[in-house]
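Peer 1: Compact mmCIF, C-alpha atoms and all ligand atoms, saved as protein32.txt, coming up:
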# COMPACT_ATOMS: atom_id res chain seq x y z
CA MET A 1 -74.92 -118.19 1.85
CA ARG A 2 -72.96 -115.47 3.58
CA SER A 3 -72.96 -114.97 7.35
CA VAL A 4 -72.16 -111.99 9.51
CA SER A 5 -71.39 -112.08 13.23
CA LEU A 6 -72.74 -109.22 15.34
CA LEU A 7 -72.87 -108.36 19.02
CA ALA A 8 -76.31 -107.31 20.27
CA VAL A 9 -76.12 -104.91 23.23
CA GLY A 10 -78.92 -104.65 25.85
CA LEU A 11 -79.78 -103.59 29.39
CA ARG A 12 -81.17 -105.72 32.23
CA LEU A 13 -82.35 -105.14 35.76
CA THR A 14 -80.26 -106.73 38.51
CA SER A 15 -80.52 -106.62 42.30
CA SER A 16 -77.89 -103.83 42.28
CA GLY A 17 -79.53 -101.76 39.52
CA ILE A 18 -79.28 -101.71 35.70
CA ALA A 19 -76.43 -103.61 33.98
CA GLY A 20 -75.44 -103.91 30.35
CA PHE A 21 -75.08 -107.24 28.54
CA THR A 22 -74.08 -108.47 25.09
CA VAL A 23 -75.31 -111.45 23.06
CA PRO A 24 -73.44 -112.81 20.02
CA LEU A 25 -75.67 -113.00 16.93
CA HIS A 26 -74.92 -114.89 13.70
CA VAL A 27 -76.98 -113.73 10.76
CA ALA A 28 -76.94 -115.73 7.52
CA PHE A 29 -78.29 -114.38 4.25
CA ALA A 30 -78.32 -115.49 0.62
CA GLU A 31 -75.79 -113.73 -1.62
CA ARG A 32 -77.39 -111.62 -4.30
CA ASP A 33 -75.91 -110.67 -7.66
CA TRP A 34 -76.42 -106.93 -8.14
CA SER A 35 -74.59 -106.81 -11.49
CA GLY A 36 -77.74 -106.73 -13.61
CA LYS A 37 -76.95 -110.13 -15.19
CA ASP A 38 -79.81 -112.62 -15.48
CA LYS A 39 -80.02 -115.86 -13.49
CA ASP A 40 -77.87 -117.64 -16.11
CA GLY A 41 -75.10 -115.03 -15.80
CA ASN A 42 -75.89 -113.29 -19.11
CA TRP A 43 -75.97 -109.53 -19.59
CA PRO A 44 -79.39 -108.18 -20.57
CA LYS A 45 -80.23 -107.80 -24.23
CA TRP A 46 -82.28 -105.09 -25.76
CA GLY A 47 -84.93 -105.98 -28.31
CA ASP A 48 -86.13 -104.03 -31.36
CA ASP A 49 -89.17 -103.06 -29.31
CA GLY A 50 -86.85 -101.06 -27.01
CA ARG A 51 -87.36 -103.34 -24.00
CA TRP A 52 -84.89 -105.32 -21.94
CA ASN A 53 -85.36 -109.05 -22.24
CA LYS A 54 -84.53 -109.52 -18.58
CA PRO A 55 -86.83 -110.34 -15.69
CA LYS A 56 -88.70 -107.44 -14.18
CA GLU A 57 -87.10 -107.82 -10.78
CA VAL A 58 -83.63 -107.20 -12.27
CA GLY A 59 -84.55 -103.90 -13.88
CA GLY A 60 -87.76 -104.06 -15.88
CA ALA A 61 -88.32 -102.36 -19.19
CA ALA A 62 -85.68 -100.15 -20.77
CA PRO A 63 -87.02 -96.76 -21.74
CA ALA A 64 -88.31 -96.61 -25.31
CA LYS A 65 -86.65 -94.04 -27.56
CA ALA A 66 -87.08 -90.65 -25.95
CA PRO A 67 -89.31 -88.03 -27.61
CA GLY A 68 -87.40 -86.11 -30.29
CA PHE A 69 -84.79 -88.88 -30.62
CA GLY A 70 -82.99 -88.57 -33.99
CA ILE A 71 -85.06 -85.57 -35.14
CA ARG A 72 -83.06 -82.69 -36.68
CA THR A 73 -83.71 -79.20 -35.35
CA THR A 74 -81.25 -77.31 -37.61
CA ASP A 75 -80.36 -77.45 -41.32
CA GLY A 76 -77.13 -78.53 -42.96
CA PRO A 77 -75.01 -81.63 -42.60
CA LEU A 78 -74.51 -83.16 -39.17
CA PRO A 79 -71.03 -82.54 -37.75
CA THR A 80 -68.65 -85.46 -37.58
CA ILE A 81 -67.59 -86.21 -34.00
CA ALA A 82 -64.36 -87.55 -32.49
CA PHE A 83 -64.20 -88.44 -28.79
CA ILE A 84 -60.72 -88.11 -27.23
CA GLY A 85 -60.57 -90.62 -24.36
CA GLY A 86 -63.51 -92.43 -25.96
CA THR A 87 -62.90 -95.83 -24.33
CA GLY A 88 -63.75 -94.45 -20.88
CA ARG A 89 -67.05 -94.41 -19.03
CA MET A 90 -68.44 -91.28 -20.68
CA GLY A 91 -66.85 -92.15 -24.02
CA VAL A 92 -68.39 -95.57 -24.54
CA HIS A 93 -71.87 -94.55 -23.38
CA LEU A 94 -71.92 -91.30 -25.39
CA CYS A 95 -70.31 -92.70 -28.56
CA ALA A 96 -73.02 -95.40 -28.63
CA ALA A 97 -75.81 -92.88 -27.97
CA TRP A 98 -74.60 -90.41 -30.60
CA ALA A 99 -74.12 -93.17 -33.20
CA ALA A 100 -77.64 -94.44 -32.43
CA ALA A 101 -78.92 -90.92 -33.10
CA GLY A 102 -77.33 -90.90 -36.59
CA TYR A 103 -74.00 -89.13 -36.03
CA ASP A 104 -70.69 -90.20 -37.59
CA VAL A 105 -68.58 -90.87 -34.48
CA THR A 106 -64.95 -91.87 -33.95
CA MET A 107 -64.09 -93.42 -30.59
CA CYS A 108 -60.50 -92.24 -30.10
CA SER A 109 -57.93 -93.75 -27.78
CA ARG A 110 -54.20 -93.94 -27.10
CA SER A 111 -54.64 -97.44 -28.51
CA LYS A 112 -56.80 -97.79 -31.62
CA ASP A 113 -56.91 -101.52 -30.96
CA LYS A 114 -58.49 -100.98 -27.56
CA ALA A 115 -61.17 -98.75 -29.11
CA LYS A 116 -61.73 -101.19 -31.99
CA LYS A 117 -62.53 -104.06 -29.64
CA ILE A 118 -65.28 -101.94 -28.06
CA VAL A 119 -66.56 -100.55 -31.36
CA ASP A 120 -66.75 -104.05 -32.89
CA ARG A 121 -69.00 -105.20 -30.06
CA LEU A 122 -71.23 -102.14 -30.28
CA VAL A 123 -71.73 -102.20 -34.05
CA ALA A 124 -72.45 -105.94 -33.87
CA GLY A 125 -75.40 -105.00 -31.65
CA GLU A 126 -73.92 -106.81 -28.64
CA GLY A 127 -73.62 -103.78 -26.35
CA TYR A 128 -70.54 -103.49 -24.15
CA HIS A 129 -69.82 -104.34 -20.52
CA GLU A 130 -66.69 -103.75 -18.51
CA GLU A 131 -66.17 -103.46 -14.77
CA VAL A 132 -64.43 -100.15 -14.11
CA MET A 133 -63.67 -97.75 -11.28
CA GLN A 134 -66.85 -96.91 -9.31
CA GLY A 135 -69.07 -99.30 -11.30
CA SER A 136 -69.27 -100.53 -14.85
CA ILE A 137 -69.46 -99.38 -18.42
CA SER A 138 -72.72 -100.98 -19.39
CA VAL A 139 -74.23 -100.30 -22.78
CA PRO A 140 -77.01 -102.84 -23.32
CA ALA A 141 -77.06 -104.98 -26.44
CA CYS A 142 -79.25 -103.19 -28.97
CA PRO A 143 -79.79 -103.09 -32.73
CA ALA A 144 -76.95 -101.08 -34.33
CA ALA A 145 -77.59 -101.46 -38.05
CA GLY A 146 -76.51 -98.29 -39.82
CA TRP A 147 -74.41 -96.91 -36.95
CA LYS A 148 -71.50 -94.84 -38.28
CA LEU A 149 -69.15 -95.64 -35.41
CA LYS A 150 -65.45 -96.36 -35.84
CA ALA A 151 -62.26 -96.55 -33.82
CA GLY A 152 -59.37 -94.11 -34.08
CA THR A 153 -56.29 -92.78 -32.33
CA ASN A 154 -56.50 -89.57 -30.32
CA ASP A 155 -54.47 -87.95 -33.14
CA GLU A 156 -57.16 -88.83 -35.68
CA ALA A 157 -59.60 -86.65 -33.72
CA ALA A 158 -58.10 -83.69 -35.61
CA GLU A 159 -60.18 -84.65 -38.65
CA ALA A 160 -63.59 -84.25 -37.00
CA ASP A 161 -65.80 -81.13 -37.00
CA LEU A 162 -66.65 -81.58 -33.32
CA ILE A 163 -63.75 -82.67 -31.11
CA VAL A 164 -64.75 -83.94 -27.68
CA LEU A 165 -62.30 -83.60 -24.78
CA GLY A 166 -63.53 -86.55 -22.75
CA THR A 167 -60.50 -87.77 -20.84
CA VAL A 168 -59.51 -86.82 -17.30
CA TYR A 169 -58.83 -83.08 -16.99
CA GLU A 170 -55.13 -83.47 -16.17
CA GLN A 171 -54.47 -85.41 -19.40
CA ALA A 172 -56.72 -83.43 -21.71
CA TRP A 173 -54.40 -80.54 -22.60
CA GLY A 174 -51.50 -82.87 -23.49
CA LEU A 175 -53.77 -84.70 -25.95
CA LEU A 176 -55.21 -81.49 -27.42
CA GLU A 177 -51.72 -80.01 -27.73
CA GLN A 178 -50.65 -83.00 -29.83
CA ILE A 179 -53.31 -82.25 -32.44
CA ALA A 180 -53.06 -78.45 -32.17
CA PRO A 181 -50.88 -78.01 -35.27
CA LYS A 182 -53.45 -79.91 -37.33
CA ILE A 183 -56.52 -78.01 -36.10
CA ARG A 184 -55.24 -74.42 -35.71
CA GLY A 185 -57.11 -71.97 -37.94
CA LYS A 186 -59.62 -74.58 -39.12
CA GLY A 187 -62.67 -73.33 -37.17
CA LYS A 188 -63.24 -76.54 -35.22
CA THR A 189 -65.71 -76.88 -32.38
CA VAL A 190 -64.40 -78.31 -29.12
CA LEU A 191 -66.81 -79.85 -26.63
CA ASP A 192 -65.03 -79.91 -23.29
CA MET A 193 -66.61 -82.23 -20.73
CA THR A 194 -63.68 -82.36 -18.32
CA ASN A 195 -64.22 -81.64 -14.62
CA PRO A 196 -61.03 -80.38 -12.95
CA PHE A 197 -62.74 -80.19 -9.55
CA LEU A 198 -64.37 -83.63 -9.43
CA LYS A 199 -62.10 -85.62 -7.08
CA ARG A 200 -61.71 -89.24 -8.20
CA PRO A 201 -60.43 -92.33 -6.35
CA ASP A 202 -57.49 -92.52 -8.81
CA GLY A 203 -56.28 -89.06 -7.72
CA TYR A 204 -57.46 -87.08 -10.74
CA GLY A 205 -59.72 -84.05 -10.28
CA ALA A 206 -57.43 -82.24 -7.84
CA GLY A 207 -58.59 -78.75 -8.90
CA LEU A 208 -56.97 -75.73 -10.58
CA PRO A 209 -54.28 -73.27 -9.48
CA LYS A 210 -55.85 -70.19 -7.86
CA ASP A 211 -53.92 -67.77 -10.06
CA GLY A 212 -55.57 -68.62 -13.39
CA PRO A 213 -58.97 -69.21 -14.94
CA GLN A 214 -61.25 -71.15 -12.59
CA SER A 215 -62.68 -73.49 -15.21
CA GLY A 216 -61.04 -76.20 -17.29
CA ILE A 217 -62.59 -75.01 -20.53
CA GLU A 218 -61.11 -71.51 -20.11
CA VAL A 219 -57.68 -73.00 -19.35
CA HIS A 220 -57.87 -75.11 -22.53
CA LYS A 221 -59.03 -72.14 -24.61
CA GLN A 222 -56.21 -69.97 -23.27
CA LYS A 223 -53.57 -72.65 -23.89
CA LEU A 224 -54.74 -73.42 -27.43
CA GLY A 225 -54.97 -69.73 -28.31
CA ASP A 226 -56.86 -70.30 -31.56
CA PRO A 227 -59.53 -67.66 -32.18
CA THR A 228 -61.17 -69.82 -34.87
CA VAL A 229 -62.14 -72.54 -32.37
CA LYS A 230 -65.67 -72.43 -30.94
CA TRP A 231 -65.83 -73.77 -27.38
CA VAL A 232 -68.71 -75.42 -25.59
CA GLY A 233 -69.07 -77.14 -22.22
CA ALA A 234 -71.79 -79.76 -21.61
CA TYR A 235 -72.51 -83.15 -19.99
CA LYS A 236 -70.36 -82.09 -17.04
CA SER A 237 -72.81 -83.31 -14.39
CA VAL A 238 -74.34 -86.28 -16.20
CA LEU A 239 -73.44 -89.65 -14.72
CA TRP A 240 -72.15 -91.94 -17.47
CA SER A 241 -74.43 -94.86 -16.59
CA LEU A 242 -77.53 -92.73 -17.22
CA VAL A 243 -76.72 -92.32 -20.92
CA LEU A 244 -78.38 -95.10 -22.92
CA PRO A 245 -78.57 -95.51 -26.70
CA THR A 246 -82.29 -94.64 -26.58
CA GLY A 247 -82.04 -91.55 -24.39
CA PRO A 248 -81.83 -90.89 -20.65
CA LYS A 249 -82.03 -93.92 -18.36
CA ASN A 250 -84.27 -91.76 -16.18
CA PRO A 251 -86.60 -90.07 -18.70
CA SER A 252 -88.00 -87.78 -16.01
CA ARG A 253 -84.59 -86.07 -15.60
CA PRO A 254 -83.46 -85.28 -19.16
CA ASP A 255 -81.91 -81.79 -18.73
CA ILE A 256 -78.24 -81.12 -19.49
CA GLU A 257 -76.49 -77.79 -18.87
CA VAL A 258 -74.71 -76.23 -21.87
CA PHE A 259 -72.62 -73.07 -22.06
CA GLY A 260 -70.07 -71.50 -24.39
CA ASP A 261 -69.75 -69.78 -27.77
CA ASP A 262 -73.09 -69.34 -29.54
CA GLU A 263 -72.45 -71.46 -32.66
CA ALA A 264 -70.97 -74.27 -30.60
CA VAL A 265 -73.85 -74.16 -28.13
CA GLU A 266 -76.30 -74.47 -31.02
CA MET A 267 -74.43 -77.46 -32.46
CA VAL A 268 -74.25 -79.26 -29.12
CA SER A 269 -77.82 -78.38 -28.17
CA GLU A 270 -78.98 -80.20 -31.29
CA LEU A 271 -76.66 -83.10 -30.44
CA ILE A 272 -78.22 -83.33 -26.98
CA ARG A 273 -81.77 -83.26 -28.40
CA MET A 274 -80.89 -85.80 -31.08
CA HIS A 275 -80.13 -88.47 -28.49
CA GLY A 276 -83.23 -87.77 -26.50
CA TRP A 277 -82.10 -85.25 -23.87
CA ASN A 278 -82.92 -81.58 -23.33
CA PRO A 279 -80.33 -78.78 -23.38
CA ILE A 280 -80.53 -75.97 -20.82
CA VAL A 281 -78.35 -73.11 -22.03
CA ARG A 282 -76.67 -71.26 -19.15
CA GLY A 283 -74.71 -68.61 -21.07
CA GLY A 284 -71.24 -68.00 -22.49
CA LEU A 285 -67.83 -69.17 -21.31
CA ASP A 286 -67.96 -66.62 -18.49
CA VAL A 287 -70.38 -68.91 -16.60
CA ALA A 288 -68.17 -71.99 -16.99
CA LYS A 289 -66.83 -71.89 -13.44
CA ASP A 290 -70.38 -72.30 -12.08
CA HIS A 291 -71.22 -75.32 -14.24
CA GLU A 292 -68.21 -77.59 -14.28
CA GLY A 293 -69.47 -80.25 -11.96
CA GLY A 294 -67.33 -81.12 -9.01
CA ILE A 295 -68.55 -81.72 -5.48
CA PRO A 296 -71.98 -80.09 -5.28
CA SER A 297 -71.78 -77.05 -3.01
CA PRO A 298 -74.81 -76.13 -0.85
CA LYS A 299 -75.20 -73.03 -3.06
CA LYS A 300 -75.34 -75.14 -6.23
CA VAL A 301 -77.79 -77.64 -4.73
CA LEU A 302 -80.07 -74.81 -3.53
CA SER A 303 -79.98 -72.96 -6.84
CA ASN A 304 -80.75 -76.21 -8.71
CA MET A 305 -83.70 -76.77 -6.36
CA TYR A 306 -84.88 -73.19 -6.89
CA ARG A 307 -84.75 -73.55 -10.69
CA GLU A 308 -86.51 -76.90 -10.49
CA ILE A 309 -89.36 -75.36 -8.48
CA THR A 310 -89.64 -72.07 -10.38
CA ARG A 311 -88.77 -73.14 -13.94
CA GLY A 312 -89.48 -76.86 -13.92
CA GLU A 313 -85.88 -77.80 -14.75
CA LYS A 314 -85.03 -81.48 -14.38
CA LEU A 315 -81.25 -81.68 -14.43
CA SER A 316 -79.67 -85.09 -14.60
CA VAL A 317 -77.41 -84.92 -11.58
CA GLY A 318 -76.66 -88.52 -10.75
CA TRP A 319 -80.00 -90.27 -10.88
N1 LIG B 401 -67.87 -90.31 -15.38
C1 LIG B 401 -68.84 -89.42 -15.39
O1 LIG B 401 -70.00 -89.73 -15.04
C2 LIG B 401 -68.57 -88.04 -15.90
C3 LIG B 401 -69.62 -87.14 -16.01
C4 LIG B 401 -69.39 -85.88 -16.56
C5 LIG B 401 -68.12 -85.52 -16.93
N2 LIG B 401 -67.08 -86.39 -16.75
C6 LIG B 401 -65.74 -85.96 -17.15
O2 LIG B 401 -65.45 -86.63 -18.38
C7 LIG B 401 -64.06 -86.96 -18.42
C8 LIG B 401 -63.93 -88.47 -18.62
O3 LIG B 401 -64.49 -89.13 -17.50
P1 LIG B 401 -64.64 -90.71 -17.45
O4 LIG B 401 -65.29 -91.03 -16.19
O5 LIG B 401 -65.22 -91.18 -18.74
O6 LIG B 401 -63.10 -91.13 -17.41
P2 LIG B 401 -62.45 -92.56 -17.47
O7 LIG B 401 -63.48 -93.60 -17.57
O8 LIG B 401 -61.48 -92.64 -16.37
O9 LIG B 401 -61.63 -92.61 -18.84
C9 LIG B 401 -61.36 -91.69 -19.78
C10 LIG B 401 -60.34 -92.21 -20.79
O10 LIG B 401 -59.20 -91.37 -20.71
C11 LIG B 401 -58.06 -92.07 -21.21
N3 LIG B 401 -56.93 -91.92 -20.28
C12 LIG B 401 -56.84 -92.39 -19.01
N4 LIG B 401 -55.62 -92.08 -18.50
C13 LIG B 401 -54.97 -91.41 -19.45
C14 LIG B 401 -53.68 -90.84 -19.55
N5 LIG B 401 -52.81 -90.92 -18.53
N6 LIG B 401 -53.33 -90.21 -20.68
C15 LIG B 401 -54.18 -90.13 -21.71
N7 LIG B 401 -55.41 -90.67 -21.70
C16 LIG B 401 -55.80 -91.29 -20.59
C17 LIG B 401 -58.42 -93.54 -21.30
O11 LIG B 401 -58.58 -93.86 -22.69
P3 LIG B 401 -57.49 -94.70 -23.51
O12 LIG B 401 -56.83 -95.66 -22.56
O13 LIG B 401 -58.33 -95.40 -24.51
O14 LIG B 401 -56.56 -93.73 -24.11
C18 LIG B 401 -59.77 -93.61 -20.59
O15 LIG B 401 -60.60 -94.59 -21.16
C19 LIG B 401 -63.45 -86.49 -17.11
O16 LIG B 401 -62.84 -85.25 -17.30
C20 LIG B 401 -64.65 -86.36 -16.18
O17 LIG B 401 -64.46 -85.39 -15.20
C21 LIG B 401 -67.28 -87.64 -16.26
Would you give me this structure, written as structure tokens?
Ligand SMILES: NC(=O)c1ccc[n+]([C@@H]2O[C@H](COP(=O)([O-])OP(=O)(O)OC[C@H]3O[C@@H](n4cnc5c(N)ncnc54)[C@H](OP(=O)(O)O)[C@@H]3O)[C@@H](O)[C@H]2O)c1
Peer 2:
Amino acid sequence: MRSVSLLAVGLRLTSSGIAGFTVPLHVAFAERDWSGKDKDGNWPKWGDDGRWNKPKEVGGAAPAKAPGFGIRTTDGPLPTIAFIGGTGRMGVHLCAAWAAAGYDVTMCSRSKDKAKKIVDRLVAGEGYHEEVMQGSISVPACPAAGWKLKAGTNDEAAEADLIVLGTVYEQAWGLLEQIAPKIRGKGKTVLDMTNPFLKRPDGYGAGLPKDGPQSGIEVHKQKLGDPTVKWVGAYKSVLWSLVLPTGPKNPSRPDIEVFGDDEAVEMVSELIRMHGWNPIVRGGLDVAKDHEGGIPSPKKVLSNMYREITRGEKLSVGW
């Protein structure tokens, strides 16, 4: 039991008029565990039937695999993927989802050991839970037979076809610069999901200098200076906890904005569909500054509402 002491304030009539008074109140209430664990303190498991085995009141059924999950929409081999900063909130949730959809994924980190501990849990079908800033990384236990998911260093990302910049914006260029000599001229695709304008409690997300490109992806493209690289931005407004290995946690909001170079947009649009979401293509890199997340401006909120009403878009914007 937890108790809280409050002061109730009221008014009463006296012979000389109206006077204020206060009454101390002690309210006691039972503590509730909001973590999502069951009554025995275990994290929920996920059965082969795609349902949580946890009581309804703690969360109910997990969504079954979303429509289109794992279905190819283009020809040719699937690209291999490496996620730089893959042990973070977006990294763990997306690496699991992409591996579940059939992709060959490397979870890259400054410490391969750190990534391996997470990967081992995921490929054993145990899911992964870790309390982190602003919540938790929480991939439910689910069958992972056949997942092609491995751990790597950030340097090993150079080997993949699709390199994901998924660390905080301020650290992303330093990591990309390290692998630049290995990727230059090789026609790689870079998926940049960094948000330079999304202020975080740890101080990252402080914005960009006014006298340069006003999007992170354009800054990275300019710094790398490799005309063979195809650039794409996506997932910038999708909250990590909404990405499950079966598709969106909220199946009624499956849309993800994508923009960039045509070939890269096509590759990432298929990636998005393959794990049960729906790509909404906004345009080339010139639109990046309007779609890099950050604090939602009234203009952005209104234009999202307008597109939802007129075009039926259902962007995943935090719920
Ligand atoms: N969180 C979201 O919902 C969300 C949504 C859309 C886009 N984004 C964007 O996606 C990116 C990643 O976000 P996140 O929330 O996943 O971040 P995060 O949980 O804070 O972690 C990202 C990873 O970056 C690496 N890292 C941290 N500090 C570093 C440093 N000083 N040098 C090099 N690497 C470092 C860490 O990996 P290692 O320790 O393993 O190296 C960490 O696990 C950000 O740019 C963010 O704006 C986030």
Peer 1: Give me the residues within 6 Å of Lys289 (chain A) as a VMD selection string, counting all atoms listed in the file and dropping any in the same chain fewer than 3 places off.
Peer 2: chain A and resid 214 to 215 292
Peer 1: Selection from above, C-alpha atoms, as a PDB file, keeping the file's coordinate frame, can you write it?
Peer 2:
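Result file is result35.pdb:
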ATOM      1  CA  GLN A 214     -61.250 -71.150 -12.590  1.00  0.00           C
ATOM      2  CA  SER A 215     -62.680 -73.490 -15.210  1.00  0.00           C
ATOM      3  CA  GLU A 292     -68.210 -77.590 -14.280  1.00  0.00           C
TER       4      GLU A 292
END
Peer 1: Please identify every polymer residue within 7 Å of ligand LIG 401 (chain B), using only C-alpha atoms and all ligand atoms, and present the set as a ChimeraX atom specification.
Peer 2: /A:85-91,108-111,114-115,166-169,171,175,193-196,198,205,235-241
Peer 1: Got time to write the residues from that selection, C-alpha atoms, as a tab-separated table (two decimals), in the coordinates of the input?
Peer 2:
chain	number	residue	atom	x	y	z
A	85	GLY	CA	-60.57	-90.62	-24.36
A	86	GLY	CA	-63.51	-92.43	-25.96
A	87	THR	CA	-62.90	-95.83	-24.33
A	88	GLY	CA	-63.75	-94.45	-20.88
A	89	ARG	CA	-67.05	-94.41	-19.03
A	90	MET	CA	-68.44	-91.28	-20.68
A	91	GLY	CA	-66.85	-92.15	-24.02
A	108	CYS	CA	-60.50	-92.24	-30.10
A	109	SER	CA	-57.93	-93.75	-27.78
A	110	ARG	CA	-54.20	-93.94	-27.10
A	111	SER	CA	-54.64	-97.44	-28.51
A	114	LYS	CA	-58.49	-100.98	-27.56
A	115	ALA	CA	-61.17	-98.75	-29.11
A	166	GLY	CA	-63.53	-86.55	-22.75
A	167	THR	CA	-60.50	-87.77	-20.84
A	168	VAL	CA	-59.51	-86.82	-17.30
A	169	TYR	CA	-58.83	-83.08	-16.99
A	171	GLN	CA	-54.47	-85.41	-19.40
A	175	LEU	CA	-53.77	-84.70	-25.95
A	193	MET	CA	-66.61	-82.23	-20.73
A	194	THR	CA	-63.68	-82.36	-18.32
A	195	ASN	CA	-64.22	-81.64	-14.62
A	196	PRO	CA	-61.03	-80.38	-12.95
A	198	LEU	CA	-64.37	-83.63	-9.43
A	205	GLY	CA	-59.72	-84.05	-10.28
A	235	TYR	CA	-72.51	-83.15	-19.99
A	236	LYS	CA	-70.36	-82.09	-17.04
A	237	SER	CA	-72.81	-83.31	-14.39
A	238	VAL	CA	-74.34	-86.28	-16.20
A	239	LEU	CA	-73.44	-89.65	-14.72
A	240	TRP	CA	-72.15	-91.94	-17.47
A	241	SER	CA	-74.43	-94.86	-16.59
Peer 1: One decimal, in Å: what's the spacing between CA of Trp277 (chain A) and CA of Asp262 (chain A)?
Peer 2: 19.1 Å
Peer 1: So that I can check the surroundings of Ile272 (chain A), please list as an NGL selection string every protein, DNA and RNA residue that reaches within 12 Å of it, counting only C-alpha atoms and ignoring chain neighbours fewer than 2 positions away.
Peer 2: :A and (66 or 68-73 or 94 or 97-98 or 101 or 103 or 191 or 234-235 or 238 or 243 or 247-248 or 254-258 or 265-270 or 274-281)
Peer 1: Counting only C-alpha atoms, which residue out of A:Pro77, A:Pro251, A:Gly284, A:Gly185 sits closest to Glu218 (chain A)?
Peer 2: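 Checking each of A:Pro77, A:Pro251, A:Gly284, A:Gly185 against Glu218 (chain A), counting only C-alpha atoms, the winner is A:Gly284.
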Peer 1: Within 10 Å of Asp226 (chain A), counting all atoms listed in the file, which residues show up once you throw out same-chain ones fewer than 2 positions away? Write them as an MDAnalysis selection string, please.
Peer 2: chainID A and resid 180 183:188 221:224 228:230
Peer 1: Return the single residue from A:Pro201, A:Pro79, A:Gly102, A:Gly146 that is closest to Gln134 (chain A), with distances computed using all atoms listed in the file.
Peer 2: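 Checking each of A:Pro201, A:Pro79, A:Gly102, A:Gly146 against Gln134 (chain A), counting all atoms listed in the file, the winner is A:Pro201.
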Peer 1: When you count all atoms listed in the file, which of these residues is closest to Asn154 (chain A): A:Met107, A:Phe197, A:Tyr204, A:Val190?
Peer 2: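 Of A:Met107, A:Phe197, A:Tyr204, A:Val190, the one nearest Asn154 (chain A) is A:Met107, counting all atoms listed in the file.
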Peer 1: Kindly compute an axis-aligned box around the listed atoms of region 184-195 of chain A, allowing 4 Å on each side, and express its centre and edge lengths in Å to one decimal as lines of an AutoDock Vina configuration file.
Peer 2:
center_x = -61.0
center_y = -77.2
center_z = -26.9
size_x = 19.6
size_y = 18.4
size_z = 32.5
Peer 1: For CA of Val123 (chain A) and CA of Pro143 (chain A), determine how far apart the two atoms are, in Å to one decimal place.
Peer 2: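 Here the two named atoms are 8.2 Å from each other.
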Peer 1: Taking all atoms listed in the file into account, which of A:Ala145, A:Ala100, A:Val132, A:Ala151 comes nearest Asp120 (chain A)?
Peer 2: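 Result for the nearest residue to Asp120 (chain A): A:Ala151.
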